[in-house]
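So this one's my_file-v6.pdb, PDB, C-alpha atoms (C1' of nucleotides):
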```pdb
ATOM      1  CA  MET A   1       0.184 -13.749  24.294
ATOM      2  CA  TYR A   2      -1.487 -11.330  21.951
ATOM      3  CA  ILE A   3      -3.279  -8.453  23.636
ATOM      4  CA  CYS A   4      -6.122  -7.304  21.442
ATOM      5  CA  PRO A   5      -5.849  -3.533  21.076
ATOM      6  CA  MET A   6      -9.651  -3.328  20.854
ATOM      7  CA  LYS A   7      -9.812  -0.877  18.013
ATOM      8  CA  THR A   8     -12.895  -1.550  15.963
ATOM      9  CA  ASN A   9     -12.303   2.030  14.885
ATOM     10  CA  GLU A  10      -9.478   0.875  12.659
ATOM     11  CA  LEU A  11     -12.065  -0.784  10.458
ATOM     12  CA  LEU A  12     -13.892   2.505  10.139
ATOM     13  CA  ARG A  13     -11.218   3.624   7.708
ATOM     14  CA  GLY A  14     -12.968   4.213   4.453
ATOM     15  CA  THR A  15     -16.499   4.005   5.822
ATOM     16  CA  LEU A  16     -16.810   7.404   7.455
ATOM     17  CA  LYS A  17     -18.411   9.083   4.453
ATOM     18  CA  THR A  18     -20.791   6.176   3.962
ATOM     19  CA  ILE A  19     -21.869   6.558   7.559
ATOM     20  CA  ILE A  20     -22.374  10.310   7.271
ATOM     21  CA  LEU A  21     -24.404  10.037   4.075
ATOM     22  CA  ASN A  22     -26.604   7.394   5.665
ATOM     23  CA  LEU A  23     -27.221   9.302   8.844
ATOM     24  CA  LEU A  24     -28.427  12.235   6.782
ATOM     25  CA  ALA A  25     -30.605  10.067   4.561
ATOM     26  CA  GLU A  26     -32.259   8.739   7.669
ATOM     27  CA  HIS A  27     -32.555  11.864   9.772
ATOM     28  CA  GLY A  28     -33.021  14.572   7.157
ATOM     29  CA  ARG A  29     -30.628  17.062   8.656
ATOM     30  CA  MET A  30     -28.076  16.917  11.404
ATOM     31  CA  TYR A  31     -25.190  18.858  12.856
ATOM     32  CA  GLY A  32     -21.758  17.453  13.469
ATOM     33  CA  TYR A  33     -21.855  17.017  17.191
ATOM     34  CA  GLU A  34     -25.203  15.266  16.843
ATOM     35  CA  MET A  35     -23.676  12.744  14.463
ATOM     36  CA  VAL A  36     -21.088  11.736  17.022
ATOM     37  CA  GLN A  37     -23.849  10.983  19.536
ATOM     38  CA  LYS A  38     -26.115   9.203  17.062
ATOM     39  CA  VAL A  39     -23.341   6.954  15.815
ATOM     40  CA  ARG A  40     -22.381   5.955  19.318
ATOM     41  CA  GLU A  41     -26.029   5.286  20.116
ATOM     42  CA  GLN A  42     -27.050   3.509  16.891
ATOM     43  CA  SER A  43     -23.953   1.336  16.817
ATOM     44  CA  ALA A  44     -24.622   0.320  20.422
ATOM     45  CA  GLY A  45     -21.388   1.916  21.538
ATOM     46  CA  ALA A  46     -19.234   0.085  19.032
ATOM     47  CA  PHE A  47     -18.209   3.174  17.052
ATOM     48  CA  GLU A  48     -16.886   6.409  18.354
ATOM     49  CA  LEU A  49     -16.448   9.074  15.702
ATOM     50  CA  THR A  50     -13.691  11.511  16.491
ATOM     51  CA  GLU A  51     -14.344  15.140  15.734
ATOM     52  CA  GLY A  52     -10.909  15.477  14.212
ATOM     53  CA  ALA A  53     -11.992  13.029  11.514
ATOM     54  CA  LEU A  54     -15.604  14.088  11.261
ATOM     55  CA  TYR A  55     -15.336  17.801  10.561
ATOM     56  CA  PRO A  56     -12.771  17.563   7.766
ATOM     57  CA  ALA A  57     -14.876  14.786   6.195
ATOM     58  CA  LEU A  58     -18.001  16.954   6.352
ATOM     59  CA  HIS A  59     -16.168  19.861   4.769
ATOM     60  CA  LYS A  60     -14.955  17.648   1.967
ATOM     61  CA  LEU A  61     -18.443  16.331   1.294
ATOM     62  CA  VAL A  62     -19.673  19.915   1.032
ATOM     63  CA  ALA A  63     -16.777  20.842  -1.268
ATOM     64  CA  ASP A  64     -17.656  17.852  -3.462
ATOM     65  CA  GLY A  65     -21.282  18.914  -3.663
ATOM     66  CA  LEU A  66     -22.765  15.984  -1.742
ATOM     67  CA  LEU A  67     -23.932  18.085   1.185
ATOM     68  CA  VAL A  68     -25.124  21.609   1.846
ATOM     69  CA  THR A  69     -25.224  23.502   5.134
ATOM     70  CA  GLU A  70     -27.656  25.811   6.894
ATOM     71  CA  LYS A  71     -26.643  27.789   9.923
ATOM     72  CA  GLU A  72     -28.978  28.357  12.801
ATOM     73  CA  MET A  73     -28.592  30.484  15.908
ATOM     74  CA  ILE A  74     -29.089  28.661  19.180
ATOM     75  CA  GLY A  75     -28.893  31.403  21.754
ATOM     76  CA  LYS A  76     -25.584  33.050  20.950
ATOM     77  CA  ARG A  77     -24.072  30.037  19.231
ATOM     78  CA  VAL A  78     -24.135  29.042  15.597
ATOM     79  CA  ARG A  79     -25.213  25.504  14.880
ATOM     80  CA  LYS A  80     -24.388  24.145  11.447
ATOM     81  CA  TYR A  81     -26.824  21.712   9.928
ATOM     82  CA  TYR A  82     -25.949  19.431   7.033
ATOM     83  CA  ARG A  83     -28.322  18.027   4.409
ATOM     84  CA  LEU A  84     -27.913  15.756   1.398
ATOM     85  CA  THR A  85     -28.004  17.245  -2.080
ATOM     86  CA  PRO A  86     -29.551  15.145  -4.872
ATOM     87  CA  VAL A  87     -26.030  14.180  -5.869
ATOM     88  CA  GLY A  88     -25.363  13.200  -2.265
ATOM     89  CA  SER A  89     -28.437  10.958  -2.232
ATOM     90  CA  GLU A  90     -27.211   9.133  -5.298
ATOM     91  CA  ALA A  91     -23.748   8.811  -3.854
ATOM     92  CA  ARG A  92     -25.200   7.343  -0.688
ATOM     93  CA  ILE A  93     -26.957   4.562  -2.595
ATOM     94  CA  ASP A  94     -23.763   3.677  -4.432
ATOM     95  CA  LYS A  95     -21.734   3.732  -1.243
ATOM     96  CA  VAL A  96     -24.103   1.360   0.517
ATOM     97  CA  HIS A  97     -24.089  -1.041  -2.398
ATOM     98  CA  GLU A  98     -20.323  -0.948  -2.448
ATOM     99  CA  PHE A  99     -20.198  -1.659   1.231
ATOM    100  CA  GLN A 100     -22.538  -4.622   0.927
ATOM    101  CA  LYS A 101     -20.450  -5.962  -1.926
ATOM    102  CA  PHE A 102     -17.358  -5.519   0.206
ATOM    103  CA  VAL A 103     -18.913  -7.454   3.077
ATOM    104  CA  ARG A 104     -19.963 -10.311   0.813
ATOM    105  CA  ALA A 105     -16.463 -10.553  -0.605
ATOM    106  CA  MET A 106     -14.965 -10.481   2.885
ATOM    107  CA  GLN A 107     -17.273 -13.251   4.056
ATOM    108  CA  LEU A 108     -16.099 -15.345   1.129
ATOM    109  CA  LEU A 109     -12.536 -14.790   2.245
ATOM    110  CA  LEU A 110     -13.176 -15.396   5.929
ATOM    111  CA  ASN A 111     -15.488 -18.415   5.601
ATOM    112  CA  PRO A 112     -14.033 -20.209   2.635
ATOM    113  CA  LYS A 113     -15.536 -23.646   3.259
ATOM    114  CA  PRO A 114     -19.299 -23.585   3.877
ATOM    115  CA  ALA A 115     -19.606 -27.096   5.386
ATOM    116  CA  THR A 116     -20.030 -29.760   2.696
TER     117      THR A 116
ATOM    118  CA  MET B   1     -24.749  12.929 -11.808
ATOM    119  CA  TYR B   2     -22.469  11.082  -9.472
ATOM    120  CA  ILE B   3     -20.076   8.694 -11.192
ATOM    121  CA  CYS B   4     -19.239   5.882  -8.822
ATOM    122  CA  PRO B   5     -15.446   5.503  -8.791
ATOM    123  CA  MET B   6     -15.842   1.759  -8.299
ATOM    124  CA  LYS B   7     -13.236   1.358  -5.638
ATOM    125  CA  THR B   8     -14.216  -1.452  -3.343
ATOM    126  CA  ASN B   9     -10.530  -1.417  -2.540
ATOM    127  CA  GLU B  10     -11.001   1.719  -0.481
ATOM    128  CA  LEU B  11     -12.890  -0.392   2.033
ATOM    129  CA  LEU B  12      -9.939  -2.746   2.266
ATOM    130  CA  ARG B  13      -8.168  -0.157   4.387
ATOM    131  CA  GLY B  14      -7.733  -1.747   7.737
ATOM    132  CA  THR B  15      -8.640  -5.267   6.659
ATOM    133  CA  LEU B  16      -5.478  -6.260   4.849
ATOM    134  CA  LYS B  17      -3.858  -7.882   7.858
ATOM    135  CA  THR B  18      -7.054  -9.708   8.726
ATOM    136  CA  ILE B  19      -7.114 -11.106   5.207
ATOM    137  CA  ILE B  20      -3.485 -12.200   5.321
ATOM    138  CA  LEU B  21      -3.851 -13.915   8.679
ATOM    139  CA  ASN B  22      -6.917 -15.758   7.425
ATOM    140  CA  LEU B  23      -5.352 -16.903   4.205
ATOM    141  CA  LEU B  24      -2.525 -18.418   6.189
ATOM    142  CA  ALA B  25      -4.858 -20.050   8.704
ATOM    143  CA  GLU B  26      -6.627 -21.683   5.818
ATOM    144  CA  HIS B  27      -3.741 -22.637   3.571
ATOM    145  CA  GLY B  28      -0.984 -23.362   6.032
ATOM    146  CA  ARG B  29       1.743 -21.510   4.234
ATOM    147  CA  MET B  30       1.844 -19.199   1.281
ATOM    148  CA  TYR B  31       4.114 -16.784  -0.520
ATOM    149  CA  GLY B  32       3.222 -13.203  -1.330
ATOM    150  CA  TYR B  33       2.530 -13.530  -5.005
ATOM    151  CA  GLU B  34       0.291 -16.480  -4.281
ATOM    152  CA  MET B  35      -1.783 -14.384  -1.890
ATOM    153  CA  VAL B  36      -2.547 -11.864  -4.594
ATOM    154  CA  GLN B  37      -3.917 -14.628  -6.821
ATOM    155  CA  LYS B  38      -5.868 -16.371  -4.073
ATOM    156  CA  VAL B  39      -7.537 -13.183  -2.925
ATOM    157  CA  ARG B  40      -8.613 -12.334  -6.453
ATOM    158  CA  GLU B  41      -9.912 -15.846  -6.895
ATOM    159  CA  GLN B  42     -11.598 -16.327  -3.508
ATOM    160  CA  SER B  43     -13.244 -12.908  -3.559
ATOM    161  CA  ALA B  44     -14.600 -13.627  -7.028
ATOM    162  CA  GLY B  45     -12.569 -10.806  -8.494
ATOM    163  CA  ALA B  46     -13.856  -8.196  -6.063
ATOM    164  CA  PHE B  47     -10.516  -7.592  -4.364
ATOM    165  CA  GLU B  48      -7.213  -6.945  -5.974
ATOM    166  CA  LEU B  49      -4.330  -6.784  -3.531
ATOM    167  CA  THR B  50      -1.538  -4.528  -4.688
ATOM    168  CA  GLU B  51       1.975  -5.713  -4.060
ATOM    169  CA  GLY B  52       2.923  -2.261  -2.857
ATOM    170  CA  ALA B  53       0.527  -2.744   0.037
ATOM    171  CA  LEU B  54       1.032  -6.461   0.537
ATOM    172  CA  TYR B  55       4.779  -6.737   1.019
ATOM    173  CA  PRO B  56       5.137  -3.970   3.595
ATOM    174  CA  ALA B  57       2.192  -5.480   5.487
ATOM    175  CA  LEU B  58       3.819  -8.918   5.470
ATOM    176  CA  HIS B  59       7.086  -7.467   6.731
ATOM    177  CA  LYS B  60       5.286  -5.703   9.535
ATOM    178  CA  LEU B  61       3.498  -8.880  10.579
ATOM    179  CA  VAL B  62       6.845 -10.657  10.729
ATOM    180  CA  ALA B  63       8.360  -7.793  12.713
ATOM    181  CA  ASP B  64       5.438  -8.011  15.154
ATOM    182  CA  GLY B  65       5.922 -11.733  15.597
ATOM    183  CA  LEU B  66       2.662 -12.856  13.983
ATOM    184  CA  LEU B  67       4.356 -14.562  11.033
ATOM    185  CA  VAL B  68       7.586 -16.356  10.284
ATOM    186  CA  THR B  69       9.203 -17.004   6.932
ATOM    187  CA  GLU B  70      10.964 -19.912   5.254
ATOM    188  CA  LYS B  71      12.893 -19.480   2.060
ATOM    189  CA  GLU B  72      12.882 -22.082  -0.647
ATOM    190  CA  MET B  73      14.826 -22.278  -3.871
ATOM    191  CA  ILE B  74      12.716 -22.726  -6.994
ATOM    192  CA  GLY B  75      15.312 -23.193  -9.687
ATOM    193  CA  LYS B  76      17.533 -20.174  -9.232
ATOM    194  CA  ARG B  77      14.926 -18.055  -7.518
ATOM    195  CA  VAL B  78      14.154 -17.654  -3.850
ATOM    196  CA  ARG B  79      10.558 -18.065  -2.874
ATOM    197  CA  LYS B  80       9.555 -16.759   0.534
ATOM    198  CA  TYR B  81       6.853 -18.632   2.383
ATOM    199  CA  TYR B  82       4.948 -17.186   5.332
ATOM    200  CA  ARG B  83       3.371 -19.105   8.208
ATOM    201  CA  LEU B  84       1.420 -18.120  11.308
ATOM    202  CA  THR B  85       3.118 -18.195  14.681
ATOM    203  CA  PRO B  86       1.010 -19.183  17.715
ATOM    204  CA  VAL B  87       0.688 -15.463  18.468
ATOM    205  CA  GLY B  88      -0.428 -14.927  14.883
ATOM    206  CA  SER B  89      -3.111 -17.594  15.236
ATOM    207  CA  GLU B  90      -4.497 -15.865  18.287
ATOM    208  CA  ALA B  91      -4.370 -12.514  16.572
ATOM    209  CA  ARG B  92      -6.278 -13.935  13.636
ATOM    210  CA  ILE B  93      -9.148 -15.066  15.843
ATOM    211  CA  ASP B  94      -9.380 -11.663  17.475
ATOM    212  CA  LYS B  95      -9.230  -9.901  14.132
ATOM    213  CA  VAL B  96     -12.059 -11.960  12.704
ATOM    214  CA  HIS B  97     -14.209 -11.353  15.760
ATOM    215  CA  GLU B  98     -13.515  -7.650  15.499
ATOM    216  CA  PHE B  99     -14.457  -7.668  11.867
ATOM    217  CA  GLN B 100     -17.742  -9.454  12.543
ATOM    218  CA  LYS B 101     -18.499  -6.987  15.295
ATOM    219  CA  PHE B 102     -17.705  -4.173  12.907
ATOM    220  CA  VAL B 103     -20.092  -5.554  10.300
ATOM    221  CA  ARG B 104     -22.901  -5.966  12.829
ATOM    222  CA  ALA B 105     -22.466  -2.381  13.980
ATOM    223  CA  MET B 106     -22.408  -1.135  10.397
ATOM    224  CA  GLN B 107     -25.601  -3.016   9.577
ATOM    225  CA  LEU B 108     -27.242  -1.327  12.554
ATOM    226  CA  LEU B 109     -26.206   2.016  11.130
ATOM    227  CA  LEU B 110     -27.177   1.259   7.554
ATOM    228  CA  ASN B 111     -30.483  -0.500   8.219
ATOM    229  CA  PRO B 112     -31.851   1.379  11.199
ATOM    230  CA  LYS B 113     -35.486   0.346  10.799
ATOM    231  CA  PRO B 114     -35.983  -3.405  10.472
ATOM    232  CA  ALA B 115     -39.540  -3.325   9.046
ATOM    233  CA  THR B 116     -42.159  -3.244  11.783
TER     234      THR B 116
ATOM    235  C1'  DT C   1     -22.620  30.490  42.910
ATOM    236  C1'  DA C   2     -18.372  28.954  41.337
ATOM    237  C1'  DA C   3     -16.433  25.223  39.076
ATOM    238  C1'  DA C   4     -16.996  21.418  36.113
ATOM    239  C1'  DA C   5     -19.013  19.189  32.400
ATOM    240  C1'  DA C   6     -21.359  19.184  28.210
ATOM    241  C1'  DT C   7     -22.389  21.407  23.891
ATOM    242  C1'  DA C   8     -20.574  22.892  19.476
ATOM    243  C1'  DC C   9     -17.536  24.389  16.277
ATOM    244  C1'  DC C  10     -12.747  24.127  14.418
ATOM    245  C1'  DT C  11      -7.504  23.213  12.951
ATOM    246  C1'  DA C  12      -2.814  21.290  12.487
ATOM    247  C1'  DA C  13       1.011  18.046  13.199
ATOM    248  C1'  DA C  14       2.041  13.393  13.097
ATOM    249  C1'  DA C  15       0.969   8.565  12.162
ATOM    250  C1'  DT C  16      -0.838   5.060   9.355
ATOM    251  C1'  DT C  17      -1.966   2.865   5.329
ATOM    252  C1'  DC C  18      -2.513   2.738   0.749
ATOM    253  C1'  DT C  19      -1.641   3.804  -4.437
ATOM    254  C1'  DT C  20       1.337   4.635  -7.933
ATOM    255  C1'  DA C  21       5.237   3.775 -10.128
ATOM    256  C1'  DG C  22       8.919   2.179 -10.453
ATOM    257  C1'  DG C  23      13.263  -1.697 -10.168
ATOM    258  C1'  DT C  24      15.452  -6.567 -10.511
ATOM    259  C1'  DA C  25      15.759 -11.126 -12.302
ATOM    260  C1'  DA C  26      14.306 -15.859 -13.652
ATOM    261  C1'  DA C  27      11.068 -18.805 -15.969
ATOM    262  C1'  DT C  28       7.702 -19.594 -19.353
ATOM    263  C1'  DA C  29       4.966 -18.746 -23.382
ATOM    264  C1'  DT C  30       4.581 -16.789 -28.132
TER     265       DT C  30
ATOM    266  C1'  DA D   1      13.987 -13.737 -29.818
ATOM    267  C1'  DT D   2      10.689 -11.271 -27.377
ATOM    268  C1'  DA D   3       6.940 -10.721 -24.365
ATOM    269  C1'  DT D   4       4.576 -12.212 -20.498
ATOM    270  C1'  DT D   5       4.331 -14.217 -16.136
ATOM    271  C1'  DT D   6       6.371 -15.305 -11.881
ATOM    272  C1'  DA D   7       8.400 -13.375  -7.683
ATOM    273  C1'  DC D   8      10.560 -10.389  -4.862
ATOM    274  C1'  DC D   9      11.165  -5.506  -3.404
ATOM    275  C1'  DT D  10      11.221  -0.080  -2.355
ATOM    276  C1'  DA D  11      10.056   4.833  -2.226
ATOM    277  C1'  DA D  12       7.416   9.097  -3.151
ATOM    278  C1'  DG D  13       3.116  10.894  -2.676
ATOM    279  C1'  DA D  14      -1.901  10.824  -1.509
ATOM    280  C1'  DA D  15      -5.600  10.086   1.539
ATOM    281  C1'  DT D  16      -7.451   9.478   5.894
ATOM    282  C1'  DT D  17      -7.245   9.225  10.763
ATOM    283  C1'  DT D  18      -5.473  10.018  15.527
ATOM    284  C1'  DT D  19      -3.906  12.999  18.764
ATOM    285  C1'  DA D  20      -3.961  17.081  20.767
ATOM    286  C1'  DG D  21      -4.950  20.963  20.993
ATOM    287  C1'  DG D  22      -8.079  25.866  20.666
ATOM    288  C1'  DT D  23     -12.451  28.827  21.349
ATOM    289  C1'  DA D  24     -16.791  29.955  23.362
ATOM    290  C1'  DT D  25     -21.535  29.173  25.214
ATOM    291  C1'  DT D  26     -24.715  26.645  28.029
ATOM    292  C1'  DT D  27     -25.996  23.494  31.508
ATOM    293  C1'  DT D  28     -25.199  20.726  35.498
ATOM    294  C1'  DT D  29     -23.440  19.855  40.061
ATOM    295  C1'  DA D  30     -21.161  20.340  44.280
TER     296       DA D  30
END
```
Reformat the file's structure so that it appears as structure tokens.
Amino acid sequence: MYICPMKTNELLRGTLKTIILNLLAEHGRMYGYEMVQKVREQSAGAFELTEGALYPALHKLVADGLLVTEKEMIGKRVRKYYRLTPVGSEARIDKVHEFQKFVRAMQLLLNPKPAT
Amino acid sequence: MYICPMKTNELLRGTLKTIILNLLAEHGRMYGYEMVQKVREQSAGAFELTEGALYPALHKLVADGLLVTEKEMIGKRVRKYYRLTPVGSEARIDKVHEFQKFVRAMQLLLNPKPAT
DNA sequence: TAAAAATACCTAAAATTCTTAGGTAAATAT
DNA sequence: ATATTTACCTAAGAATTTTAGGTATTTTTA
């Protein structure tokens, strides 16, 4: 018998940046920890971002000019907010289109015969 | 300006095994080279499996007991056919369900406000 | 009020999966 | 005769993620 390892997260490979860009397009600005919560919430518990994947991805998006940061003091702690740059907004649109194209192609592969 | 790198293939990460299992569920038995063609064809050119990814994936599926092989001589060449085992058939069903769940969750994330 | 949990950031080693770039050889097309 | 297609394969390197930490503040709870 095959025991399903229950890792929807495996499918997240390659979609993390798309998710980040979209969150920011929707919410204006967010900090990392907040993204983890929002993704869990908005995906109805299906996705669980790991911080070990999230922070390096955020740093790369900044390095590539798709995001910028603003730091804010909350008591004695620094909170780091991320926002889309214009380039990031464009990239987001492309990424979503690519994802939709990917899903359509996958549906073709998974449902090859649409009932004659 | 952001130049879209046009790599739908990046999204394929994590779905390769799902695709293989489905191809075999649909076509009964296939050989590797054939899968490359079929995927190109059935995805309307959107996906291009690379052999460097395909063959190791096939070998892993065999090692995990999801596929078995039969060799056949075509002239002087060996052609290696793959078929699902019962365990592989089960795994396929789970994988497809997981993928559909993944897509639903992604749509929730990408289209958060379904027009009031 | 002391301890535990949550908030909030981060990194680094290892694992996984893929791309790139080959190699071999037979069959077919030019 | 040569080039392309068929058909298999591997290995180095790149990219991304998981796992498993670390630090420090703030809030909750027992």
**Report entry** Which of D:DT10, D:DT2, D:DT16, D:DT27 sits closest to chain A [using only C-alpha atoms (C1' of nucleotides)]
**Finding:**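 Checking each of D:DT10, D:DT2, D:DT16, D:DT27 against chain A, counting only C-alpha atoms (C1' of nucleotides), the winner is D:DT16.
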**Report entry** Within 8 Å of chain D: residues of chain B, using only C-alpha atoms (C1' of nucleotides), as a ChimeraX atom specification
**Finding:** /B:33,55,79
Query raised in the report: Written as a ChimeraX atom specification, which residues does the PyMOL selection byres ((chain C) within 12 of (chain A)) give for the file shown?
Result: /C:6-12,16-18
I need the chosen residues saved as an mmCIF file, keeping the file's coordinate frame, with C-alpha atoms (C1' of nucleotides).
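Result file follows (part-v7.cif):
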```cif
data_model
loop_
_atom_site.group_PDB
_atom_site.id
_atom_site.type_symbol
_atom_site.label_atom_id
_atom_site.label_comp_id
_atom_site.auth_asym_id
_atom_site.auth_seq_id
_atom_site.Cartn_x
_atom_site.Cartn_y
_atom_site.Cartn_z
ATOM 1 C "C1'" DA C 6 -21.359 19.184 28.210
ATOM 2 C "C1'" DT C 7 -22.389 21.407 23.891
ATOM 3 C "C1'" DA C 8 -20.574 22.892 19.476
ATOM 4 C "C1'" DC C 9 -17.536 24.389 16.277
ATOM 5 C "C1'" DC C 10 -12.747 24.127 14.418
ATOM 6 C "C1'" DT C 11 -7.504 23.213 12.951
ATOM 7 C "C1'" DA C 12 -2.814 21.290 12.487
ATOM 8 C "C1'" DT C 16 -0.838 5.060 9.355
ATOM 9 C "C1'" DT C 17 -1.966 2.865 5.329
ATOM 10 C "C1'" DC C 18 -2.513 2.738 0.749
#
```
Query raised in the report: So how many Å separate atom CA of Ala44 of chain B and atom CA of His97 of chain A, to one decimal?
Result: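 According to the coordinates, atom CA of Ala44 of chain B and atom CA of His97 of chain A are separated by 16.4 Å.
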Least-squares align chain A to chain B using all Cα atoms paired by position, then dump the moved coordinates as a compact mmCIF listing (two decimals) with C-alpha atoms, in the frame of the given file.
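Full text of selection-v6.txt as output:
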```txt
# COMPACT_ATOMS: atom_id res chain seq x y z
CA MET A 1 -24.73 12.83 -11.96
CA TYR A 2 -22.45 10.94 -9.64
CA ILE A 3 -20.03 8.59 -11.35
CA CYS A 4 -19.20 5.75 -9.01
CA PRO A 5 -15.41 5.42 -8.89
CA MET A 6 -15.81 1.66 -8.38
CA LYS A 7 -13.22 1.29 -5.68
CA THR A 8 -14.23 -1.49 -3.36
CA ASN A 9 -10.53 -1.43 -2.55
CA GLU A 10 -11.06 1.69 -0.48
CA LEU A 11 -12.95 -0.43 2.01
CA LEU A 12 -9.98 -2.75 2.27
CA ARG A 13 -8.28 -0.14 4.42
CA GLY A 14 -7.75 -1.74 7.76
CA THR A 15 -8.62 -5.27 6.69
CA LEU A 16 -5.44 -6.25 4.89
CA LYS A 17 -3.83 -7.90 7.90
CA THR A 18 -7.04 -9.72 8.75
CA ILE A 19 -7.09 -11.09 5.23
CA ILE A 20 -3.46 -12.19 5.33
CA LEU A 21 -3.83 -13.93 8.69
CA ASN A 22 -6.90 -15.76 7.44
CA LEU A 23 -5.34 -16.90 4.21
CA LEU A 24 -2.50 -18.43 6.18
CA ALA A 25 -4.83 -20.07 8.69
CA GLU A 26 -6.62 -21.68 5.81
CA HIS A 27 -3.74 -22.64 3.55
CA GLY A 28 -0.97 -23.36 6.03
CA ARG A 29 1.76 -21.52 4.21
CA MET A 30 1.84 -19.18 1.28
CA TYR A 31 4.11 -16.76 -0.51
CA GLY A 32 3.23 -13.19 -1.30
CA TYR A 33 2.52 -13.46 -4.97
CA GLU A 34 0.28 -16.44 -4.26
CA MET A 35 -1.78 -14.36 -1.86
CA VAL A 36 -2.54 -11.82 -4.55
CA GLN A 37 -3.91 -14.59 -6.79
CA LYS A 38 -5.85 -16.35 -4.05
CA VAL A 39 -7.53 -13.17 -2.89
CA ARG A 40 -8.60 -12.30 -6.40
CA GLU A 41 -9.91 -15.83 -6.86
CA GLN A 42 -11.59 -16.32 -3.47
CA SER A 43 -13.23 -12.91 -3.51
CA ALA A 44 -14.59 -13.64 -6.99
CA GLY A 45 -12.58 -10.80 -8.45
CA ALA A 46 -13.86 -8.21 -6.01
CA PHE A 47 -10.51 -7.58 -4.31
CA GLU A 48 -7.21 -6.90 -5.90
CA LEU A 49 -4.32 -6.73 -3.45
CA THR A 50 -1.54 -4.47 -4.59
CA GLU A 51 1.98 -5.66 -4.00
CA GLY A 52 2.98 -2.24 -2.78
CA ALA A 53 0.58 -2.71 0.14
CA LEU A 54 1.06 -6.43 0.61
CA TYR A 55 4.81 -6.73 1.07
CA PRO A 56 5.19 -3.98 3.66
CA ALA A 57 2.23 -5.48 5.55
CA LEU A 58 3.85 -8.93 5.51
CA HIS A 59 7.12 -7.50 6.77
CA LYS A 60 5.33 -5.75 9.60
CA LEU A 61 3.52 -8.91 10.62
CA VAL A 62 6.87 -10.70 10.76
CA ALA A 63 8.41 -7.85 12.77
CA ASP A 64 5.49 -8.07 15.20
CA GLY A 65 5.96 -11.80 15.62
CA LEU A 66 2.70 -12.90 14.00
CA LEU A 67 4.38 -14.60 11.06
CA VAL A 68 7.61 -16.40 10.28
CA THR A 69 9.22 -17.03 6.91
CA GLU A 70 10.98 -19.93 5.21
CA LYS A 71 12.87 -19.46 2.00
CA GLU A 72 12.85 -22.05 -0.71
CA MET A 73 14.79 -22.23 -3.96
CA ILE A 74 12.68 -22.64 -7.07
CA GLY A 75 15.23 -23.08 -9.81
CA LYS A 76 17.44 -20.04 -9.37
CA ARG A 77 14.84 -17.94 -7.60
CA VAL A 78 14.11 -17.59 -3.92
CA ARG A 79 10.50 -18.02 -2.91
CA LYS A 80 9.54 -16.75 0.52
CA TYR A 81 6.86 -18.64 2.37
CA TYR A 82 4.96 -17.20 5.31
CA ARG A 83 3.39 -19.13 8.20
CA LEU A 84 1.43 -18.14 11.29
CA THR A 85 3.13 -18.24 14.67
CA PRO A 86 1.01 -19.23 17.70
CA VAL A 87 0.70 -15.54 18.47
CA GLY A 88 -0.42 -14.96 14.89
CA SER A 89 -3.12 -17.62 15.23
CA GLU A 90 -4.50 -15.90 18.29
CA ALA A 91 -4.37 -12.54 16.60
CA ARG A 92 -6.27 -13.94 13.65
CA ILE A 93 -9.15 -15.08 15.85
CA ASP A 94 -9.38 -11.67 17.48
CA LYS A 95 -9.23 -9.89 14.15
CA VAL A 96 -12.07 -11.95 12.72
CA HIS A 97 -14.22 -11.34 15.76
CA GLU A 98 -13.52 -7.65 15.51
CA PHE A 99 -14.46 -7.66 11.88
CA GLN A 100 -17.74 -9.45 12.54
CA LYS A 101 -18.52 -6.98 15.30
CA PHE A 102 -17.73 -4.16 12.90
CA VAL A 103 -20.09 -5.56 10.28
CA ARG A 104 -22.91 -5.97 12.79
CA ALA A 105 -22.49 -2.39 13.94
CA MET A 106 -22.43 -1.16 10.34
CA GLN A 107 -25.61 -3.06 9.52
CA LEU A 108 -27.27 -1.36 12.47
CA LEU A 109 -26.23 1.98 11.04
CA LEU A 110 -27.19 1.20 7.46
CA ASN A 111 -30.51 -0.55 8.15
CA PRO A 112 -31.83 1.38 11.09
CA LYS A 113 -35.50 0.43 10.79
CA PRO A 114 -36.09 -3.33 10.47
CA ALA A 115 -39.71 -3.15 9.20
CA THR A 116 -42.20 -2.94 12.07
```
For segment 16-22 of chain A, supply N, CA and C atoms and report the output as a PDB file, keeping the file's coordinate frame.
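Here's the written file part-v4.pdb:
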```pdb
ATOM      1  N   LEU A  16     -16.295   6.208   6.784  1.00  0.00           N
ATOM      2  CA  LEU A  16     -16.810   7.404   7.455  1.00  0.00           C
ATOM      3  C   LEU A  16     -17.819   8.156   6.594  1.00  0.00           C
ATOM      4  N   LYS A  17     -17.495   8.342   5.332  1.00  0.00           N
ATOM      5  CA  LYS A  17     -18.411   9.083   4.453  1.00  0.00           C
ATOM      6  C   LYS A  17     -19.709   8.316   4.231  1.00  0.00           C
ATOM      7  N   THR A  18     -19.589   7.008   4.103  1.00  0.00           N
ATOM      8  CA  THR A  18     -20.791   6.176   3.962  1.00  0.00           C
ATOM      9  C   THR A  18     -21.694   6.362   5.169  1.00  0.00           C
ATOM     10  N   ILE A  19     -21.099   6.388   6.333  1.00  0.00           N
ATOM     11  CA  ILE A  19     -21.869   6.558   7.559  1.00  0.00           C
ATOM     12  C   ILE A  19     -22.551   7.921   7.595  1.00  0.00           C
ATOM     13  N   ILE A  20     -21.819   8.960   7.256  1.00  0.00           N
ATOM     14  CA  ILE A  20     -22.374  10.310   7.271  1.00  0.00           C
ATOM     15  C   ILE A  20     -23.554  10.419   6.303  1.00  0.00           C
ATOM     16  N   LEU A  21     -23.346   9.939   5.080  1.00  0.00           N
ATOM     17  CA  LEU A  21     -24.404  10.037   4.075  1.00  0.00           C
ATOM     18  C   LEU A  21     -25.661   9.298   4.530  1.00  0.00           C
ATOM     19  N   ASN A  22     -25.465   8.165   5.185  1.00  0.00           N
ATOM     20  CA  ASN A  22     -26.604   7.394   5.665  1.00  0.00           C
ATOM     21  C   ASN A  22     -27.339   8.044   6.809  1.00  0.00           C
TER      22      ASN A  22
END
```
